[in-house]
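upload21.tsv (TSV, C-alpha atoms)
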chain	number	residue	atom	x	y	z
A	1	MET	CA	21.30	67.29	31.14
A	2	ASN	CA	21.55	65.76	34.64
A	3	ARG	CA	17.84	65.01	34.64
A	4	LEU	CA	18.13	63.25	31.27
A	5	THR	CA	21.17	61.27	32.47
A	6	ASN	CA	19.33	60.19	35.62
A	7	ARG	CA	16.35	59.15	33.53
A	8	ARG	CA	18.54	57.04	31.25
A	9	THR	CA	20.22	55.42	34.23
A	10	ILE	CA	16.89	54.58	35.88
A	11	ALA	CA	15.48	53.16	32.64
A	12	ALA	CA	18.59	51.04	31.99
A	13	VAL	CA	18.73	49.72	35.57
A	14	ALA	CA	15.00	48.97	35.61
A	15	GLY	CA	15.19	47.11	32.29
A	16	THR	CA	18.25	45.11	33.37
A	17	ALA	CA	16.67	44.22	36.71
A	18	THR	CA	13.50	43.09	34.97
A	19	THR	CA	15.52	40.88	32.63
A	20	ALA	CA	17.35	39.31	35.58
A	21	VAL	CA	14.13	38.71	37.54
A	22	VAL	CA	12.26	37.16	34.61
A	23	TYR	CA	15.29	35.02	33.80
A	24	GLY	CA	15.55	33.81	37.40
A	25	VAL	CA	11.83	32.97	37.63
A	26	LEU	CA	11.61	31.15	34.31
A	27	TYR	CA	14.96	29.41	34.76
A	28	SER	CA	13.58	27.63	37.82
A	29	MET	CA	10.84	26.11	35.64
A	30	ALA	CA	12.64	23.22	34.01
A	31	TRP	CA	9.87	22.54	31.50
A	32	ILE	CA	10.38	25.89	29.71
A	33	PRO	CA	12.92	25.73	26.83
A	34	GLY	CA	16.10	27.71	27.39
A	35	TRP	CA	15.74	29.82	24.27
A	36	LEU	CA	12.21	30.80	25.33
A	37	VAL	CA	13.52	31.88	28.75
A	38	LEU	CA	16.05	34.18	27.10
A	39	VAL	CA	13.51	35.61	24.66
A	40	ALA	CA	10.98	36.30	27.42
A	41	ALA	CA	13.60	37.86	29.70
A	42	GLY	CA	14.97	40.05	26.91
A	43	ILE	CA	11.55	41.23	25.74
A	44	ALA	CA	10.47	42.02	29.31
A	45	GLY	CA	13.60	44.05	30.04
A	46	VAL	CA	13.48	45.99	26.78
A	47	ALA	CA	9.74	46.63	27.22
A	48	VAL	CA	10.31	48.14	30.67
A	49	GLY	CA	13.08	50.36	29.34
A	50	ARG	CA	10.88	51.57	26.48
A	51	ALA	CA	7.93	52.05	28.83
A	52	LEU	CA	10.06	54.55	30.73
A	53	GLY	CA	10.41	56.45	27.47
A	54	LEU	CA	13.92	55.57	26.33
A	55	ALA	CA	14.67	53.22	23.46
A	56	ARG	CA	18.41	53.24	24.26
A	57	ALA	CA	17.68	51.60	27.60
A	58	SER	CA	17.35	48.29	25.74
A	59	ALA	CA	21.14	48.00	25.34
A	60	LEU	CA	21.87	46.73	28.86
A	61	PRO	CA	19.06	44.13	28.95
A	62	THR	CA	20.21	42.85	25.55
A	63	LEU	CA	23.81	42.64	26.75
A	64	LEU	CA	22.67	40.74	29.87
A	65	VAL	CA	20.80	38.25	27.67
A	66	LEU	CA	23.99	37.66	25.66
A	67	VAL	CA	25.94	37.06	28.86
A	68	LEU	CA	23.34	34.61	30.21
A	69	ALA	CA	22.80	32.83	26.87
A	70	PRO	CA	25.61	30.23	27.23
A	71	SER	CA	24.01	28.94	30.44
A	72	LEU	CA	20.89	27.81	28.55
A	73	ILE	CA	21.87	27.32	24.91
A	74	ALA	CA	24.79	25.34	23.53
A	75	PRO	CA	27.65	27.56	22.29
A	76	VAL	CA	27.43	25.86	18.88
A	77	ASP	CA	23.86	27.08	18.42
A	78	LEU	CA	24.71	30.55	19.71
A	79	VAL	CA	27.57	30.86	17.23
A	80	GLN	CA	25.25	29.89	14.37
A	81	VAL	CA	22.65	32.44	15.52
A	82	LEU	CA	25.21	35.25	15.66
A	83	ILE	CA	26.67	34.34	12.25
A	84	PHE	CA	23.29	34.29	10.56
A	85	GLY	CA	22.45	37.52	12.41
A	86	ILE	CA	25.46	39.24	10.83
A	87	ALA	CA	24.30	38.07	7.39
A	88	ALA	CA	20.77	39.26	8.19
A	89	LEU	CA	22.24	42.68	9.02
A	90	GLY	CA	23.14	42.95	5.35
A	91	LEU	CA	19.51	42.34	4.43
A	92	TYR	CA	18.50	44.97	6.99
A	93	VAL	CA	20.56	47.48	5.01
A	94	LEU	CA	19.34	46.18	1.66
A	95	LEU	CA	15.67	45.60	2.47
A	96	GLY	CA	14.95	47.60	5.61
A	97	LEU	CA	16.78	50.79	4.65
A	98	SER	CA	16.76	50.85	0.84
A	99	GLY	CA	13.74	48.65	0.11
A	100	GLN	CA	15.64	46.37	-2.31
A	101	LEU	CA	14.65	42.69	-2.24
A	102	SER	CA	17.53	40.24	-2.71
A	103	LEU	CA	17.55	36.44	-2.62
A	104	ALA	CA	21.31	36.17	-3.08
A	105	GLN	CA	22.42	36.97	0.47
A	106	GLY	CA	22.95	33.29	1.26
A	107	THR	CA	25.10	32.92	-1.86
A	108	MET	CA	27.16	35.94	-0.82
A	109	LEU	CA	27.68	34.24	2.52
A	110	GLY	CA	28.88	31.18	0.62
A	111	ILE	CA	31.38	33.22	-1.39
A	112	GLY	CA	32.91	34.55	1.81
A	113	ALA	CA	32.97	31.05	3.30
A	114	TYR	CA	34.61	29.51	0.21
A	115	THR	CA	37.22	32.24	-0.05
A	116	THR	CA	38.18	31.80	3.59
A	117	ALA	CA	38.24	28.01	3.25
A	118	ILE	CA	40.38	28.03	0.10
A	119	LEU	CA	42.94	30.42	1.54
A	120	ALA	CA	43.14	28.63	4.89
A	121	SER	CA	43.08	25.05	3.61
A	122	GLU	CA	44.79	25.19	0.23
A	123	HIS	CA	47.22	28.08	0.67
A	124	GLY	CA	48.04	27.83	4.37
A	125	TRP	CA	46.75	31.24	5.43
A	126	PRO	CA	45.94	31.76	9.11
A	127	VAL	CA	42.20	31.47	9.58
A	128	LEU	CA	41.82	34.91	11.14
A	129	ALA	CA	43.78	36.43	8.25
A	130	ALA	CA	41.71	34.64	5.60
A	131	ILE	CA	38.40	36.06	6.87
A	132	PRO	CA	39.16	39.71	5.86
A	133	ALA	CA	40.24	38.46	2.44
A	134	GLY	CA	36.91	36.66	2.10
A	135	VAL	CA	35.11	39.88	3.04
A	136	ALA	CA	37.01	41.79	0.34
A	137	VAL	CA	36.27	39.21	-2.37
A	138	THR	CA	32.60	39.09	-1.43
A	139	GLY	CA	32.39	42.87	-1.46
A	140	LEU	CA	33.91	42.95	-4.95
A	141	ILE	CA	31.41	40.41	-6.30
A	142	GLY	CA	28.57	42.24	-4.57
A	143	TRP	CA	29.69	45.47	-6.22
A	144	LEU	CA	29.69	43.76	-9.63
A	145	LEU	CA	26.23	42.34	-8.96
A	146	GLY	CA	25.09	45.80	-7.93
A	147	LEU	CA	26.20	47.20	-11.31
A	148	VAL	CA	23.60	44.96	-12.92
A	149	ALA	CA	21.02	45.24	-10.13
A	150	VAL	CA	20.73	49.03	-10.44
A	151	ARG	CA	18.75	48.49	-13.65
A	152	PHE	CA	16.05	46.44	-11.90
A	153	ASP	CA	13.43	47.04	-9.23
A	154	GLY	CA	10.88	45.03	-7.27
A	155	VAL	CA	10.09	41.56	-8.50
A	156	TYR	CA	12.61	41.82	-11.37
A	157	LEU	CA	15.40	42.41	-8.86
A	158	ALA	CA	14.22	39.40	-6.86
A	159	ILE	CA	14.30	37.25	-9.99
A	160	LEU	CA	17.81	38.48	-10.89
A	161	THR	CA	19.26	37.78	-7.44
A	162	GLY	CA	17.40	34.46	-7.26
A	163	ALA	CA	18.92	33.40	-10.58
A	164	PHE	CA	22.37	34.33	-9.25
A	165	ALA	CA	21.71	32.20	-6.17
A	166	ILE	CA	20.80	29.24	-8.39
A	167	VAL	CA	23.76	29.57	-10.77
A	168	ALA	CA	26.51	30.17	-8.20
A	169	PRO	CA	26.42	26.68	-6.59
A	170	ILE	CA	26.56	25.14	-10.08
A	171	LEU	CA	29.71	27.11	-10.82
A	172	LEU	CA	31.22	26.05	-7.50
A	173	LYS	CA	30.71	22.40	-8.52
A	174	TYR	CA	32.08	23.00	-12.04
A	175	PHE	CA	35.43	24.42	-10.91
A	176	ALA	CA	36.22	21.38	-8.79
A	177	ASP	CA	39.99	21.90	-8.95
A	178	VAL	CA	39.62	25.10	-6.90
A	179	THR	CA	36.47	24.57	-4.87
A	180	GLY	CA	36.59	20.82	-4.29
A	181	GLY	CA	33.42	20.26	-6.29
A	182	VAL	CA	30.64	18.29	-4.64
A	183	HIS	CA	33.08	17.05	-1.99
A	184	GLY	CA	33.59	20.52	-0.56
A	185	ILE	CA	36.55	21.78	1.49
A	186	SER	CA	37.50	21.04	5.07
A	187	ILE	CA	38.97	23.81	7.21
A	188	PRO	CA	41.49	23.47	10.05
A	189	PRO	CA	39.83	24.03	13.45
A	190	LEU	CA	40.43	27.23	15.38
A	191	HIS	CA	42.01	26.55	18.76
A	192	SER	CA	41.65	28.79	21.78
A	193	PRO	CA	44.83	30.73	22.63
A	194	ILE	CA	43.50	31.27	26.16
A	195	PRO	CA	43.95	28.22	28.43
A	196	ALA	CA	40.96	29.16	30.60
A	197	LEU	CA	38.59	28.96	27.60
A	198	THR	CA	37.62	25.93	25.58
A	199	ASP	CA	37.61	26.10	21.80
A	200	ASP	CA	33.81	26.50	21.70
A	201	GLN	CA	33.84	29.25	24.34
A	202	PHE	CA	36.60	31.15	22.58
A	203	LEU	CA	34.80	30.88	19.24
A	204	TYR	CA	31.57	32.15	20.83
A	205	LEU	CA	33.30	35.17	22.38
A	206	LEU	CA	35.10	35.89	19.10
A	207	VAL	CA	31.90	35.74	17.03
A	208	LEU	CA	30.04	37.76	19.69
A	209	ALA	CA	32.68	40.51	19.55
A	210	VAL	CA	32.54	40.57	15.74
A	211	ALA	CA	28.73	40.70	15.83
A	212	ILE	CA	28.77	43.66	18.23
A	213	VAL	CA	31.25	45.53	16.03
A	214	ALA	CA	29.19	44.75	12.91
A	215	GLY	CA	26.03	45.96	14.65
A	216	VAL	CA	27.65	49.22	15.76
A	217	LEU	CA	29.06	49.88	12.29
A	218	THR	CA	25.67	49.16	10.71
A	219	TRP	CA	24.01	51.51	13.19
A	220	ASN	CA	26.47	54.27	12.27
A	221	ILE	CA	25.83	53.69	8.56
A	222	ALA	CA	22.07	53.83	9.12
A	223	ARG	CA	22.35	57.14	10.99
A	224	GLY	CA	24.84	58.70	8.55
A	225	PRO	CA	24.54	60.23	5.09
A	226	VAL	CA	24.48	56.82	3.42
A	227	GLY	CA	21.58	55.69	5.58
A	228	PHE	CA	19.73	58.93	4.92
A	229	GLY	CA	20.04	58.43	1.17
A	230	LEU	CA	18.88	54.81	1.42
A	231	ARG	CA	15.84	55.71	3.50
A	232	ALA	CA	14.96	58.54	1.15
A	233	MET	CA	15.13	56.16	-1.82
A	234	HIS	CA	12.99	53.67	0.08
A	235	ASP	CA	10.31	56.21	1.02
A	236	SER	CA	10.06	58.01	-2.31
A	237	PRO	CA	12.50	57.54	-5.22
A	238	VAL	CA	11.07	60.61	-6.96
A	239	ALA	CA	11.58	62.82	-3.92
A	240	ALA	CA	15.05	61.39	-3.35
A	241	ARG	CA	16.01	62.21	-6.92
A	242	GLY	CA	14.57	65.68	-6.44
A	243	ILE	CA	16.88	66.47	-3.51
A	244	GLY	CA	19.95	65.35	-5.45
A	245	ILE	CA	20.34	61.71	-4.36
A	246	SER	CA	21.62	59.38	-7.08
A	247	LEU	CA	19.44	56.28	-6.98
A	248	GLY	CA	22.02	54.17	-8.80
A	249	ARG	CA	24.73	55.15	-6.37
A	250	ALA	CA	22.46	54.49	-3.40
A	251	LYS	CA	21.64	50.99	-4.67
A	252	MET	CA	25.32	50.29	-5.23
A	253	GLN	CA	26.09	51.36	-1.66
A	254	ALA	CA	23.33	49.11	-0.30
A	255	PHE	CA	24.58	46.08	-2.25
A	256	LEU	CA	28.18	46.74	-1.24
A	257	VAL	CA	27.45	47.02	2.50
A	258	SER	CA	25.16	44.00	2.35
A	259	SER	CA	27.80	41.92	0.57
A	260	LEU	CA	30.55	42.91	3.00
A	261	LEU	CA	28.44	41.79	5.95
A	262	ALA	CA	27.56	38.54	4.16
A	263	GLY	CA	31.24	37.89	3.46
A	264	LEU	CA	32.09	38.47	7.12
A	265	ALA	CA	29.37	36.02	8.17
A	266	GLY	CA	30.60	33.51	5.58
A	267	GLY	CA	34.17	33.59	6.87
A	268	LEU	CA	32.98	33.00	10.43
A	269	TYR	CA	30.64	30.25	9.20
A	270	SER	CA	33.48	28.33	7.56
A	271	VAL	CA	35.50	28.52	10.76
A	272	ALA	CA	32.59	27.48	12.98
A	273	VAL	CA	31.39	24.57	10.85
A	274	GLY	CA	34.80	23.46	9.58
A	275	PHE	CA	33.43	22.43	6.19
A	276	VAL	CA	31.87	24.12	3.16
A	277	SER	CA	29.97	22.58	0.24
A	278	PRO	CA	28.12	24.14	-2.72
A	279	ASP	CA	24.65	22.91	-1.75
A	280	SER	CA	24.78	24.78	1.57
A	281	PHE	CA	24.66	28.21	-0.05
A	282	GLY	CA	21.87	28.06	-2.58
A	283	LEU	CA	18.54	29.79	-2.95
A	284	MET	CA	17.00	28.25	0.18
A	285	LEU	CA	19.60	29.85	2.45
A	286	GLY	CA	18.80	33.24	0.91
A	287	ILE	CA	15.10	32.66	1.58
A	288	HIS	CA	15.82	31.62	5.17
A	289	LEU	CA	17.84	34.81	5.74
A	290	LEU	CA	14.96	36.83	4.31
A	291	VAL	CA	12.55	35.08	6.70
A	292	MET	CA	14.89	35.90	9.58
A	293	VAL	CA	14.76	39.60	8.78
A	294	VAL	CA	10.97	39.58	8.36
A	295	ILE	CA	10.37	37.73	11.64
A	296	GLY	CA	12.82	39.89	13.55
A	297	GLY	CA	11.68	43.15	11.97
A	298	THR	CA	12.97	44.74	8.78
A	299	GLY	CA	13.50	48.10	10.46
A	300	SER	CA	15.61	46.95	13.40
A	301	ILE	CA	19.26	46.02	13.80
A	302	VAL	CA	18.55	43.96	16.91
A	303	GLY	CA	15.68	42.36	15.00
A	304	ALA	CA	18.17	40.78	12.60
A	305	PHE	CA	19.69	38.76	15.45
A	306	ILE	CA	16.31	38.05	17.06
A	307	GLY	CA	14.99	36.70	13.77
A	308	ALA	CA	18.14	34.65	13.24
A	309	GLY	CA	17.76	33.13	16.69
A	310	ALA	CA	14.06	32.40	16.21
A	311	VAL	CA	14.45	30.75	12.80
A	312	HIS	CA	17.60	28.77	13.60
A	313	LEU	CA	16.43	27.49	16.99
A	314	LEU	CA	12.95	26.67	15.75
A	315	GLN	CA	14.25	24.74	12.76
A	316	THR	CA	16.85	22.95	14.89
A	317	HIS	CA	14.75	21.96	17.89
A	318	LEU	CA	11.18	21.75	16.61
A	319	GLU	CA	9.60	18.32	16.83
A	320	GLU	CA	6.47	16.79	15.42
A	321	ILE	CA	3.27	17.87	17.17
A	322	SER	CA	0.13	15.72	17.29
A	323	VAL	CA	-3.20	17.53	17.73
A	324	PRO	CA	-6.12	15.30	18.88
A	325	VAL	CA	-9.28	15.74	16.82
A	326	GLY	CA	-11.51	13.30	18.74
A	327	SER	CA	-12.51	9.62	18.55
A	328	GLY	CA	-8.93	8.55	19.05
A	329	PHE	CA	-7.67	10.30	15.96
A	330	SER	CA	-4.97	12.98	15.80
A	331	VAL	CA	-3.39	15.16	13.15
A	332	ALA	CA	0.42	15.20	13.04
A	333	PHE	CA	2.24	18.40	12.12
A	334	GLY	CA	5.87	18.02	11.11
A	335	PRO	CA	8.61	20.49	12.12
A	336	GLN	CA	8.34	22.43	8.86
A	337	ALA	CA	4.54	22.70	9.22
A	338	VAL	CA	4.90	23.95	12.80
A	339	PHE	CA	7.50	26.47	11.65
A	340	GLY	CA	5.16	27.71	8.92
A	341	ILE	CA	2.33	28.12	11.43
A	342	VAL	CA	4.60	30.10	13.76
A	343	LEU	CA	5.70	32.31	10.87
A	344	ILE	CA	2.08	33.02	9.89
A	345	LEU	CA	1.16	33.89	13.49
A	346	VAL	CA	4.11	36.27	13.79
A	347	LEU	CA	3.19	38.04	10.56
A	348	LEU	CA	-0.47	38.36	11.61
A	349	LEU	CA	0.01	39.36	15.25
A	350	MET	CA	3.29	41.31	14.99
A	351	PRO	CA	3.59	43.08	11.61
A	352	THR	CA	6.73	44.90	12.80
A	353	GLY	CA	8.39	41.63	13.81
A	354	LEU	CA	9.55	40.33	17.16
A	355	SER	CA	11.72	43.40	17.71
A	356	GLY	CA	8.59	45.55	17.71
A	357	LEU	CA	6.98	43.55	20.53
A	358	PRO	CA	8.68	45.49	23.39
A	359	GLN	CA	7.58	48.76	21.82
A	360	ARG	CA	3.99	47.52	21.59
A	361	LEU	CA	4.10	46.34	25.19
A	362	GLY	CA	5.51	49.72	26.24
A	363	ALA	CA	2.74	51.51	24.35
A	364	LEU	CA	0.13	49.32	26.05
A	365	PHE	CA	1.69	50.16	29.42
A	366	HIS	CA	1.59	53.88	28.61
A	367	THR	CA	-2.06	53.61	27.59
A	368	TRP	CA	-2.99	51.70	30.74
A	369	HIS	CA	-1.05	54.12	32.94
A	370	ARG	CA	-2.69	57.14	31.26
A	371	ARG	CA	-6.16	55.70	31.71
A	372	THR	CA	-5.45	54.87	35.34
A	373	THR	CA	-4.18	58.38	35.99
A	374	VAL	CA	-7.22	59.97	34.38
A	375	THR	CA	-9.58	57.72	36.34
A	376	ASP	CA	-7.89	58.51	39.64
A	377	ALA	CA	-7.94	62.23	38.88
A	378	SER	CA	-11.67	62.13	38.16
A	379	LEU	CA	-12.32	60.63	41.60
A	380	VAL	CA	-10.55	63.45	43.46
A	381	PRO	CA	-12.98	66.30	44.33
A	382	GLY	CA	-11.90	69.61	42.91
A	383	PRO	CA	-12.86	73.23	43.78
A	384	ALA	CA	-16.54	74.03	43.45
A	385	ALA	CA	-17.45	75.69	40.18
A	386	PRO	CA	-19.16	79.12	40.38
A	387	ALA	CA	-22.91	79.05	40.13
A	388	GLN	CA	-24.18	79.52	36.61
A	389	ILE	CA	-27.10	81.94	36.07
A	390	PRO	CA	-29.46	80.83	33.33
A	391	VAL	CA	-29.51	83.06	30.28
A	392	ASP	CA	-33.30	83.20	30.30
A	393	ALA	CA	-33.35	84.49	33.89
A	394	THR	CA	-30.93	87.33	33.18
A	395	SER	CA	-32.91	88.33	30.11
A	396	GLU	CA	-36.18	88.43	32.05
A	397	GLU	CA	-34.65	90.53	34.86
A	398	GLY	CA	-33.22	92.99	32.33
A	399	GLU	CA	-36.62	93.44	30.78
A	400	ARG	CA	-38.14	94.16	34.23
A	401	ASN	CA	-35.56	96.85	34.93
Kindly transcribe the structure held in the file into structure tokens.
Amino acid sequence: MNRLTNRRTIAAVAGTATTAVVYGVLYSMAWIPGWLVLVAAGIAGVAVGRALGLARASALPTLLVLVLAPSLIAPVDLVQVLIFGIAALGLYVLLGLSGQLSLAQGTMLGIGAYTTAILASEHGWPVLAAIPAGVAVTGLIGWLLGLVAVRFDGVYLAILTGAFAIVAPILLKYFADVTGGVHGISIPPLHSPIPALTDDQFLYLLVLAVAIVAGVLTWNIARGPVGFGLRAMHDSPVAARGIGISLGRAKMQAFLVSSLLAGLAGGLYSVAVGFVSPDSFGLMLGIHLLVMVVIGGTGSIVGAFIGAGAVHLLQTHLEEISVPVGSGFSVAFGPQAVFGIVLILVLLLMPTGLSGLPQRLGALFHTWHRRTTVTDASLVPGPAAPAQIPVDATSEEGERN
């Protein structure tokens, strides 16, 4: 046990030190974007921890990246990344664990945001008390949607949830007396109760704490009986049914957990943005959340936040790129075109998403280290092998005797 503890400590310290060193080196290069510095430092630290053979060693480098993030990225962007990461966690449960494709996650986020906004703005609820109510309402609607979704699979489920994502904003506009219609609802700002922290800093720490709790709870669900049933249904529905797992119940559990996480993200979104409108929570937001999970890695909890950061920061800060083609001509690629190219490259080069990159780097390090060890061992002279007597010689001598 002591040897394992020492190994974990060494791996965690080595990964954290690598993150700090890479951050310090790249931070001094002003031409490198801040988000790229954090990504490179985090990947390097996690890769070193995994190279030492321990996946859990990635916790400290990731925590260090979160601590260093406000020094390079505006708190407003960080809050958005964490909020979308919480919503993407729901798709990790729904898609990564159970294999169910849903395009309504963005609409579920909108339901949580609208519920929080209505209670805080129209009925005078404290903002932090309205968020749990929004989570409960979103969970209820997700459970009702799951009652219908259990009858569908594959592309039919995607069509069903996509239709829900299209219809929901229309309903929000129709009931204008409650939802504000096309004008939306404004929400009172959340002020910091700590004098040493600004409002943006307090909101970032609050959302960060909620994101950590949501990640830990999702991790416990994935490792518990519910997660086992979802993975079994994902791998083989026939085998899962054979060992006594109810597929309908498992789908209901996946939709419920996913909706609760989306409602939590929606409540935080309404507080962070201060305004909600129907057009913000349509089908495109559900597709963007799906892209976040795919880029980050469908089988990783950390990948949900990595994908959210990649998609949000790329879409926010990408600019038009001109590629010269000769003779004074150039081809201009807009931000959306550049984002599409990046997405294609990630899918081609990293099928497991950005979260799988440290594992691949660790595997490459193991392979290189093994080959180096074998090569060095072959150069060291060993004990002389005993002389071998040819079989033909022994046979001839036996015949002479």
- Message: So, with all atoms listed in the file as the atoms that count, which of A:Leu256, A:Val273, A:Ala40, A:Ala176 lies closest to Leu147 of chain A?
- Response: A:Leu256
- Query: Which polymer residues have any atom within 9 Å of an atom of segment 64-73 of chain A, counting only C-alpha atoms, with same-chain residues fewer than 5 positions away left out, as an NGL selection string?
  - Reply: :A and (16 or 19-20 or 23 or 27 or 33-35 or 37-39 or 41-42 or 59 or 78 or 201 or 204 or 208)
Can those selected residues be exported to a file as a short mmCIF file (atom, residue, chain, number, x, y, z; two decimals), in the coordinates of the input so that it contains C-alpha atoms?
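In the end it all went to result-v6.cif:
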data_model
loop_
_atom_site.label_atom_id
_atom_site.label_comp_id
_atom_site.auth_asym_id
_atom_site.auth_seq_id
_atom_site.Cartn_x
_atom_site.Cartn_y
_atom_site.Cartn_z
CA THR A 16 18.25 45.11 33.37
CA THR A 19 15.52 40.88 32.63
CA ALA A 20 17.35 39.31 35.58
CA TYR A 23 15.29 35.02 33.80
CA TYR A 27 14.96 29.41 34.76
CA PRO A 33 12.92 25.73 26.83
CA GLY A 34 16.10 27.71 27.39
CA TRP A 35 15.74 29.82 24.27
CA VAL A 37 13.52 31.88 28.75
CA LEU A 38 16.05 34.18 27.10
CA VAL A 39 13.51 35.61 24.66
CA ALA A 41 13.60 37.86 29.70
CA GLY A 42 14.97 40.05 26.91
CA ALA A 59 21.14 48.00 25.34
CA LEU A 78 24.71 30.55 19.71
CA GLN A 201 33.84 29.25 24.34
CA TYR A 204 31.57 32.15 20.83
CA LEU A 208 30.04 37.76 19.69
#
- Do a neighbour search on Gly162 of chain A at 8 Å with all atoms listed in the file, toss out local chain neighbours closer than 3 positions, and write the hits as a VMD selection string. chain A and resid 102 to 104 158 to 159 165 to 166 283
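Interatomic distance, atom CA of Ile131 of chain A to atom CA of Gly85 of chain A: 16.9 Å.
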- Item | Residue contacts of Gly267 of chain A (7 Å, only C-alpha atoms) excluding same-chain residues fewer than 4 positions away, as a list in words | Gly112, Ala113, Thr116, Ile131, Gly134, Gly263 and Val271 of chain A
- Task: Find the distance between atom CA of Leu95 of chain A and atom CA of Phe255 of chain A and write it in Å to one decimal.
- Result: 10.1 Å
- Show which residues sit within 12 Å of Val81 of chain A, as a VMD selection string. Count all atoms listed in the file, and ignore same-chain residues fewer than 2 positions away. chain A and resid 35 66 69 73 to 79 83 to 88 204 207 to 208 211 265 268 to 269 272 289 292 304 to 316
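Taking atom CA of Gln105 of chain A and atom CA of Ile344 of chain A as endpoints, the distance between them is 22.8 Å.
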- Task: Would you kindly return, as a list in words, each protein, DNA or RNA residue with an atom no farther than 9 Å from any atom of Ala168 of chain A, considering all atoms listed in the file and excluding same-chain residues fewer than 2 positions away?
- Result: Thr107, Ile111, Ala163, Phe164, Ala165, Ile166, Ile170, Leu171, Leu172, Lys173, Pro278, Phe281 and Gly282 of chain A
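Between Phe152 of chain A and the residues A:Leu101, A:Val210, A:Ala14, A:Leu190, the shortest atom-to-atom distance, using all atoms listed in the file, involves A:Leu101.
Nearest to Ser270 of chain A of all the residues A:Pro188, A:Pro351, A:Gly45, A:Gly142 is A:Pro188, counting all atoms listed in the file.
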- Message: Counting all atoms listed in the file, which residues sit no farther than 8 Å from the position (19.5, 47.4, 6.6) in the file's frame? I'd like them as a ChimeraX atom specification.
- Response: /A:89-98,218,222,258,298-301
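Among A:Val135, A:Ala12, A:Met29, A:Leu203, the residue with the shortest atom-to-atom distance to Leu63 of chain A, counting only C-alpha atoms, is A:Ala12.
Considering only C-alpha atoms, the residue among A:Ile10, A:Leu343, A:Leu82, A:Gly184 positioned nearest to Ala209 of chain A is A:Leu82.
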